[in-house]
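A.B. asks: What follows is data32.cif, mmCIF, C-alpha atoms.
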data_target
#
loop_
_atom_site.label_atom_id
_atom_site.label_comp_id
_atom_site.auth_asym_id
_atom_site.auth_seq_id
_atom_site.Cartn_x
_atom_site.Cartn_y
_atom_site.Cartn_z
CA MET W 214 0.00 0.00 0.00
CA ILE W 215 2.49 2.64 1.19
CA ASN W 216 5.03 1.21 -1.25
CA LYS W 217 2.82 2.14 -4.22
CA MET W 218 1.99 5.59 -2.87
CA LEU W 219 5.40 6.85 -1.70
CA TYR W 220 7.96 6.14 -4.39
CA ILE W 221 10.70 7.80 -2.34
CA ILE W 222 10.80 4.84 0.06
CA LYS W 223 10.02 2.06 -2.42
CA LYS W 224 13.53 0.55 -2.24
CA ASP W 225 13.58 0.93 1.54
CA LEU W 226 10.38 -1.08 1.89
CA GLN W 227 11.65 -3.76 -0.46
CA ALA W 228 14.75 -4.07 1.73
CA LEU W 229 12.48 -4.18 4.78
CA GLU W 230 10.57 -7.19 3.44
CA SER W 231 13.78 -9.09 2.76
CA GLY W 232 15.08 -8.17 6.21
CA LEU W 233 11.91 -9.33 7.95
CA HIS W 234 12.07 -12.73 6.24
CA ARG W 235 15.71 -13.02 7.31
CA GLU W 236 15.19 -11.99 10.92
CA VAL W 237 12.22 -14.26 11.72
CA HIS W 238 14.31 -17.34 11.03
CA SER W 239 15.26 -19.47 14.02
CA ASP W 240 16.98 -22.76 14.72
CA VAL W 241 13.56 -23.88 15.93
CA ALA W 242 11.65 -24.67 12.73
CA LEU W 243 8.24 -23.91 14.24
CA ILE W 244 9.28 -20.36 15.15
CA THR W 245 10.45 -19.85 11.57
CA ASP W 246 7.14 -21.16 10.23
CA ILE W 247 5.17 -18.77 12.44
CA GLY W 248 7.43 -15.85 11.59
CA GLU W 249 7.12 -16.49 7.86
CA HIS W 250 3.35 -16.74 8.21
CA LEU W 251 3.24 -13.37 9.95
CA VAL W 252 5.46 -11.64 7.39
CA LYS W 253 3.54 -13.10 4.44
CA SER W 254 0.25 -12.01 6.00
CA GLY W 255 1.36 -8.52 5.07
CA GLY W 256 0.17 -5.31 6.60
CA LYS W 257 0.37 -1.63 5.81
CA ARG W 258 3.96 -1.26 7.10
CA LEU W 259 2.84 2.17 8.27
CA ARG W 260 5.27 2.52 11.17
CA PRO W 261 8.49 1.70 9.28
CA SER W 262 7.24 3.78 6.33
CA LEU W 263 6.92 6.86 8.53
CA TYR W 264 10.30 6.09 10.07
CA PHE W 265 11.90 5.83 6.61
CA LEU W 266 10.33 9.12 5.51
CA ALA W 267 11.68 10.97 8.52
CA ALA W 268 15.09 9.35 8.13
CA HIS W 269 15.22 10.55 4.50
CA SER W 270 15.28 14.11 5.82
CA GLN W 271 19.07 13.93 6.02
CA GLN W 272 21.10 14.83 2.95
CA LYS W 273 23.35 11.77 3.10
CA TYR W 274 20.87 8.94 3.51
CA ASN W 275 22.35 5.52 4.32
CA LEU W 276 19.99 2.54 4.03
CA ASN W 277 22.44 0.19 5.72
CA TYR W 278 22.30 2.42 8.78
CA THR W 279 18.54 2.99 8.81
CA LEU W 280 17.29 -0.49 7.85
CA PRO W 281 17.93 -2.36 11.14
CA LEU W 282 15.74 0.10 13.04
CA ALA W 283 12.94 -0.25 10.47
CA ILE W 284 13.04 -4.04 10.88
CA THR W 285 13.04 -3.61 14.66
CA ILE W 286 10.00 -1.33 14.54
CA GLU W 287 7.99 -3.76 12.39
CA LEU W 288 9.01 -6.80 14.47
CA ILE W 289 7.78 -5.04 17.62
CA HIS W 290 4.51 -4.31 15.85
CA MET W 291 4.18 -7.93 14.70
CA ALA W 292 4.90 -9.24 18.19
CA SER W 293 2.29 -6.96 19.74
CA LEU W 294 -0.34 -8.14 17.23
CA VAL W 295 0.41 -11.78 18.05
CA HIS W 296 -0.16 -11.09 21.74
CA ASP W 297 -3.27 -9.00 21.00
CA ASP W 298 -4.80 -11.84 19.00
CA VAL W 299 -4.28 -14.24 21.91
CA LEU W 300 -5.92 -11.81 24.34
CA ASP W 301 -8.84 -11.20 21.95
CA ASN W 302 -9.13 -14.87 20.95
CA ALA W 303 -9.06 -13.65 17.35
CA SER W 304 -9.13 -16.22 14.56
CA THR W 305 -8.36 -13.96 11.58
CA ARG W 306 -6.31 -10.86 10.87
CA ARG W 307 -5.89 -9.24 7.45
CA GLY W 308 -7.93 -12.10 6.03
CA SER W 309 -5.47 -14.78 7.22
CA ALA W 310 -5.58 -17.14 10.17
CA THR W 311 -3.95 -15.74 13.30
CA ALA W 312 -0.98 -17.49 14.88
CA ASN W 313 -3.10 -18.58 17.85
CA ALA W 314 -5.73 -20.05 15.53
CA LYS W 315 -3.06 -22.10 13.73
CA TRP W 316 -0.68 -23.01 16.55
CA GLY W 317 -2.48 -22.29 19.83
CA ASN W 318 -2.10 -19.64 22.50
CA ASN W 319 1.00 -20.94 24.29
CA ILE W 320 3.11 -21.22 21.14
CA SER W 321 1.85 -17.83 19.94
CA ILE W 322 2.81 -16.04 23.16
CA LEU W 323 6.28 -17.54 23.09
CA SER W 324 6.66 -16.64 19.41
CA GLY W 325 5.68 -13.07 20.19
CA ASP W 326 8.29 -13.02 22.94
CA PHE W 327 10.85 -14.30 20.43
CA LEU W 328 10.01 -11.45 18.04
CA PHE W 329 10.35 -8.83 20.81
CA ALA W 330 13.75 -10.24 21.76
CA ARG W 331 14.86 -10.48 18.14
CA ALA W 332 13.87 -6.85 17.59
CA PHE W 333 16.20 -5.63 20.33
CA ALA W 334 18.97 -8.04 19.35
CA ILE W 335 19.09 -6.42 15.91
CA VAL W 336 19.95 -3.00 17.32
CA ALA W 337 21.84 -4.04 20.47
CA ASP W 338 25.29 -3.88 18.89
CA LYS W 339 24.63 -0.86 16.66
CA ASN W 340 25.87 2.63 17.45
CA TYR W 341 22.44 4.24 17.68
CA ASP W 342 21.55 7.25 19.77
CA LYS W 343 20.61 6.18 23.32
CA ARG W 344 17.32 8.08 22.96
CA ILE W 345 16.24 5.59 20.29
CA LEU W 346 16.73 2.53 22.48
CA LEU W 347 14.89 4.19 25.36
CA ARG W 348 12.06 5.11 23.01
CA LEU W 349 11.76 1.52 21.77
CA ALA W 350 11.52 0.27 25.35
CA LYS W 351 8.86 2.87 26.16
CA ILE W 352 6.87 1.78 23.10
CA ILE W 353 6.53 -1.74 24.48
CA CYS W 354 5.62 -0.44 27.93
CA GLY W 355 2.93 1.74 26.37
CA LEU W 356 1.56 -1.11 24.27
CA SER W 357 1.28 -3.28 27.37
CA GLU W 358 -0.35 -0.52 29.41
CA GLY W 359 -2.84 0.21 26.64
CA GLU W 360 -3.79 -3.44 26.24
CA ILE W 361 -4.22 -3.94 29.99
CA HIS W 362 -6.35 -0.79 30.22
CA GLN W 363 -8.52 -1.99 27.35
CA ASN W 364 -8.97 -5.44 28.86
CA GLU W 365 -9.95 -3.92 32.19
CA LYS W 366 -12.70 -1.99 30.40
CA HIS W 367 -14.12 -4.88 28.37
CA TYR W 368 -17.94 -4.77 28.34
CA GLN W 369 -17.83 -1.61 30.46
CA LEU W 370 -18.89 1.90 29.58
CA ARG W 371 -16.08 4.42 29.34
CA THR W 372 -15.81 8.13 28.75
CA GLU W 373 -14.58 9.76 25.58
CA GLN W 374 -11.38 10.84 27.34
CA GLU W 375 -10.74 7.29 28.57
CA TYR W 376 -11.09 6.14 24.97
CA TYR W 377 -8.54 8.72 23.76
CA ASP W 378 -6.11 7.77 26.54
CA ALA W 379 -6.38 4.10 25.59
CA ILE W 380 -5.83 4.51 21.85
CA SER W 381 -2.97 6.91 22.49
CA LYS W 382 -1.07 4.19 24.34
CA LYS W 383 -2.25 1.27 22.21
CA THR W 384 -1.73 2.80 18.75
CA ALA W 385 -0.86 6.48 18.43
CA ASP W 386 2.28 6.61 20.58
CA PHE W 387 3.96 3.85 18.54
CA ILE W 388 3.21 5.64 15.27
CA ALA W 389 4.44 8.91 16.80
CA ALA W 390 7.64 7.30 18.07
CA SER W 391 8.35 5.83 14.62
CA CYS W 392 8.34 9.36 13.18
CA GLU W 393 10.45 10.68 16.04
CA ILE W 394 13.04 7.91 15.78
CA GLY W 395 13.39 8.55 12.06
CA GLY W 396 14.05 12.21 12.80
CA ILE W 397 16.66 11.33 15.42
CA THR W 398 18.34 9.00 12.93
CA ALA W 399 18.44 11.87 10.42
CA GLY W 400 20.11 14.12 12.99
CA LEU W 401 17.25 16.62 13.16
CA SER W 402 16.98 19.09 16.02
CA LYS W 403 14.97 18.23 19.11
CA ALA W 404 12.35 20.79 18.12
CA ASP W 405 11.91 19.03 14.77
CA THR W 406 11.85 15.51 16.22
CA ASP W 407 9.28 16.68 18.78
CA SER W 408 7.17 18.07 15.93
CA LEU W 409 7.46 14.78 14.05
CA TYR W 410 6.33 12.95 17.17
CA THR W 411 3.29 15.23 17.44
CA TYR W 412 2.49 14.68 13.75
CA GLY W 413 2.63 10.92 14.33
CA LEU W 414 0.51 11.16 17.47
CA TYR W 415 -2.27 13.02 15.67
CA LEU W 416 -1.98 10.68 12.68
CA GLY W 417 -2.11 7.64 14.98
CA MET W 418 -5.21 8.90 16.76
CA ALA W 419 -6.92 9.39 13.38
CA PHE W 420 -5.72 5.99 12.21
CA GLN W 421 -7.20 4.15 15.20
CA ILE W 422 -10.49 6.05 15.13
CA THR W 423 -10.75 5.14 11.44
CA ASP W 424 -10.17 1.49 12.34
CA ASP W 425 -13.00 1.73 14.85
CA ILE W 426 -15.30 3.29 12.26
CA LEU W 427 -14.47 0.58 9.72
CA ASP W 428 -15.20 -2.10 12.30
CA LEU W 429 -18.81 -0.90 12.21
CA THR W 430 -19.17 0.01 8.53
CA SER W 431 -16.98 -2.34 6.48
CA ASN W 432 -16.95 -6.11 5.93
CA GLU W 433 -14.66 -9.07 6.47
CA GLN W 434 -13.47 -9.06 2.86
CA LYS W 435 -12.04 -5.56 3.24
CA ILE W 436 -10.83 -5.42 6.83
CA GLY W 437 -9.96 -9.10 7.36
CA LYS W 438 -12.24 -9.59 10.38
CA PRO W 439 -16.00 -9.72 10.95
CA ALA W 440 -17.90 -6.43 11.12
CA GLY W 441 -18.75 -5.50 14.70
CA ASN W 442 -15.86 -7.52 16.07
CA ASP W 443 -15.08 -4.83 18.65
CA ILE W 444 -18.59 -5.16 20.09
CA LEU W 445 -18.19 -8.93 20.24
CA GLN W 446 -14.93 -8.42 22.14
CA GLY W 447 -16.52 -5.91 24.53
CA ILE W 448 -14.46 -2.99 23.23
CA ILE W 449 -16.32 0.32 23.49
CA THR W 450 -15.15 2.69 20.73
CA LEU W 451 -15.80 6.36 19.95
CA PRO W 452 -18.84 5.89 17.64
CA VAL W 453 -20.47 3.75 20.35
CA ILE W 454 -19.71 6.28 23.09
CA LYS W 455 -21.33 9.09 21.08
CA ALA W 456 -24.31 6.91 20.13
CA ILE W 457 -24.95 6.23 23.81
CA GLU W 458 -25.01 9.97 24.46
CA ALA W 459 -27.44 10.82 21.66
CA SER W 460 -29.52 7.82 20.60
CA PRO W 461 -33.12 7.39 21.84
CA GLN W 462 -32.28 3.66 21.87
CA LYS W 463 -29.27 4.13 24.14
CA ASP W 464 -30.64 1.79 26.84
CA GLU W 465 -30.92 -1.04 24.33
CA LEU W 466 -27.43 -0.30 23.03
CA ILE W 467 -25.97 -0.30 26.55
CA THR W 468 -27.65 -3.64 27.27
CA ILE W 469 -26.00 -5.17 24.19
CA ILE W 470 -22.48 -3.80 24.54
CA THR W 471 -22.19 -4.65 28.24
CA ASN W 472 -23.41 -8.22 27.72
CA LYS W 473 -20.51 -10.67 27.89
CA ASN W 474 -22.65 -13.21 26.03
CA VAL W 475 -23.34 -10.90 23.11
CA ASP W 476 -23.95 -12.76 19.83
CA SER W 477 -23.85 -11.84 16.14
CA LEU W 478 -27.56 -10.96 15.96
CA MET W 479 -27.20 -8.60 18.91
CA VAL W 480 -24.18 -7.04 17.23
CA LYS W 481 -26.24 -6.33 14.11
CA ASP W 482 -28.87 -4.61 16.25
CA ALA W 483 -26.18 -2.53 17.96
CA ILE W 484 -24.66 -1.48 14.63
CA LYS W 485 -28.07 -0.41 13.38
CA ILE W 486 -28.59 1.78 16.45
CA ILE W 487 -25.13 3.32 16.05
CA LYS W 488 -25.67 4.05 12.35
CA ASN W 489 -28.96 5.78 13.15
CA SER W 490 -27.20 8.07 15.63
CA ASN W 491 -24.55 10.75 15.12
CA GLY W 492 -21.80 8.46 16.44
CA LEU W 493 -20.14 7.70 13.11
CA ASP W 494 -20.34 11.28 11.85
CA TYR W 495 -18.84 12.55 15.10
CA ALA W 496 -15.98 10.04 14.86
CA ARG W 497 -15.27 11.00 11.24
CA GLU W 498 -15.09 14.68 12.22
CA LYS W 499 -12.54 13.76 14.89
CA VAL W 500 -10.48 11.93 12.27
CA TYR W 501 -10.50 14.97 9.99
CA ASP W 502 -9.59 17.27 12.88
CA TYR W 503 -6.63 15.12 13.94
CA LEU W 504 -5.37 14.85 10.35
CA ASP W 505 -5.62 18.59 9.79
CA LYS W 506 -3.63 19.17 12.98
CA SER W 507 -1.05 16.57 11.94
CA LYS W 508 -0.28 18.52 8.75
CA ARG W 509 -0.01 21.82 10.58
CA VAL W 510 2.65 20.65 13.05
CA LEU W 511 5.14 19.28 10.50
CA PRO W 512 8.49 21.12 10.70
CA ASP W 513 9.12 23.77 8.07
CA THR W 514 12.71 22.56 7.85
CA LEU W 515 11.74 19.25 6.22
CA PRO W 516 12.70 18.86 2.55
CA PRO W 517 9.63 19.66 0.41
CA ILE W 518 9.38 16.13 -0.99
CA ILE W 519 9.42 14.65 2.52
CA LYS W 520 6.78 17.07 3.78
CA LYS W 521 4.60 16.29 0.76
CA SER W 522 4.97 12.58 1.49
CA PHE W 523 3.85 13.03 5.08
CA TYR W 524 0.82 14.90 3.71
CA GLN W 525 0.13 11.92 1.42
CA VAL W 526 0.10 9.54 4.37
CA ALA W 527 -2.40 11.75 6.18
CA ASP W 528 -4.56 11.86 3.05
CA PHE W 529 -4.42 8.06 2.83
CA VAL W 530 -5.68 7.72 6.39
CA ARG W 531 -8.48 10.17 5.59
CA LYS W 532 -9.68 8.14 2.61
CA ARG W 533 -8.85 4.54 3.53
CA ASP W 534 -11.58 1.92 3.63
CA PHE W 535 -9.59 -1.12 4.78
#
Would it be possible to restate this file's structure as structure tokens?
C.D. replies:
Amino acid sequence: MINKMLYIIKKDLQALESGLHREVHSDVALITDIGEHLVKSGGKRLRPSLYFLAAHSQQKYNLNYTLPLAITIELIHMASLVHDDVLDNASTRRGSATANAKWGNNISILSGDFLFARAFAIVADKNYDKRILLRLAKIICGLSEGEIHQNEKHYQLRTEQEYYDAISKKTADFIAASCEIGGITAGLSKADTDSLYTYGLYLGMAFQITDDILDLTSNEQKIGKPAGNDILQGIITLPVIKAIEASPQKDELITIITNKNVDSLMVKDAIKIIKNSNGLDYAREKVYDYLDKSKRVLPDTLPPIIKKSFYQVADFVRKRDF
């Protein structure tokens, strides 16, 4: 996806794919099989793409220097998804069977742990700025905190601010850090790397809200999981929160989304209530607001082609339907 849109990082992403296949290999054949399955399942490669873009801000770009960090970023993302799928008891992701569906929870958790360890092993002996290694560690802490917070709130009502806090930790901070790390790699000033982080934070918030909208409006063929899957998992998202505030059928909606035995027919009823409210429109306006802010905070010192590319990513998030 990003590869086709941003020609400036096409070769970088090709090198990333080769590197991922190389790094998931293990002396234990089963770990290699799982790793290959995860890499071949694809994904948007959004985080390493943003990292590559920021890293290209330097005049003397060196792929050999930047590539290990890109692989590390995507391996951390892959590992977190493996653990998420175990926690959510998910059977499909991106239209393919999840690792836990194919190999079971225990093997999947250990494979995720392997990927986390491999990610840090890649950069352990490299001469990277200490800030980068600390940022990578904080990413994993944030992912864990966000997932725990979300699980604590399963089938429970939550406020709009609680929702924003959760998706910031679970999604947006990682995207933001990917931009920031790329800027650090390029040797940009702290003011510029801070601005890149803020761009990524706003973009990440918009990205996750869009995911939550698509969960209610798309289908399994496009998003790789059943529509209304968040409701089945007891995850209360922004469109649902706003529908509860405004819908005359809010009591019925609350009864469904707080029911731990919710079934597919109940989910369809909930989606109908949400669509008849202002929940989806409100969430879309939030997406547009975050994306507009993301463009405004980009540093003026970025090369024009890099700034334009960051704009393109924001426009992709605005229009995406998968």
A.B. asks: Residues at most 9 Å from W:Ala456, counting only C-alpha atoms, excluding those fewer than 6 positions away in the same chain, as number ranges by chain?
C.D. replies: W: 462-463, 466, 486-493
A.B. asks: Using only C-alpha atoms, please write the residues we just selected to a file, as a tab-separated table (two decimals), in the frame of the given file.
C.D. replies:
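Okay, this is what ended up in out_29.tsv:
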chain	number	residue	atom	x	y	z
W	462	GLN	CA	-32.28	3.66	21.87
W	463	LYS	CA	-29.27	4.13	24.14
W	466	LEU	CA	-27.43	-0.30	23.03
W	486	ILE	CA	-28.59	1.78	16.45
W	487	ILE	CA	-25.13	3.32	16.05
W	488	LYS	CA	-25.67	4.05	12.35
W	489	ASN	CA	-28.96	5.78	13.15
W	490	SER	CA	-27.20	8.07	15.63
W	491	ASN	CA	-24.55	10.75	15.12
W	492	GLY	CA	-21.80	8.46	16.44
W	493	LEU	CA	-20.14	7.70	13.11
A.B. asks: Work out how far atom CA of W:Asp386 is from atom CA of W:Ala267, in Å to one decimal.
C.D. replies: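 Computing it gives 15.9 Å between the two atoms.
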A.B. asks: What is the atom CA of W:Thr245 to atom CA of W:Leu323 distance in Å?
C.D. replies: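 The value is 12.5 Å.
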A.B. asks: The PyMOL selection byres ((chain W and resi 297-311) around 12) - which residues does that actually catch in the file I just gave you? List them as a PyMOL selection string.
C.D. replies: chain W and resi 247-248+250-257+290-296+312-325+356-357+359-361+363-365+367+383+432-439+442-448+535
A.B. asks: Between atom CA of W:Ile244 and atom CA of W:Ala330, what is the distance in Å, rounded to a tenth?
C.D. replies: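 Spanning atom CA of W:Ile244 to atom CA of W:Ala330 is a straight-line distance of 12.9 Å.
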A.B. asks: Find the residue from W:Leu416, W:Val475, W:Ile449, W:Leu515 that sits nearest to W:Asp502; use all atoms listed in the file when measuring.
C.D. replies: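 Of all the options, W:Leu416 lies closest to W:Asp502.
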A.B. asks: Starting from the displayed file, determine the output of the PyMOL selection byres ((chain W and resi 230) around 12) and express the residue list as an MDAnalysis selection string.
C.D. replies: chainID W and resid 216 223:229 231:237 249 251:258 261:262 280:281 283:284 287:288
A.B. asks: How big is the axis-aligned box around the listed atoms of stretch 219-237 of chain W once 3 Å is added on each side, and where is its centre? Give both in Å to one decimal, as lines of an AutoDock Vina configuration file.
C.D. replies:
center_x = 10.6
center_y = -3.2
center_z = 3.7
size_x = 16.3
size_y = 28.1
size_z = 22.1
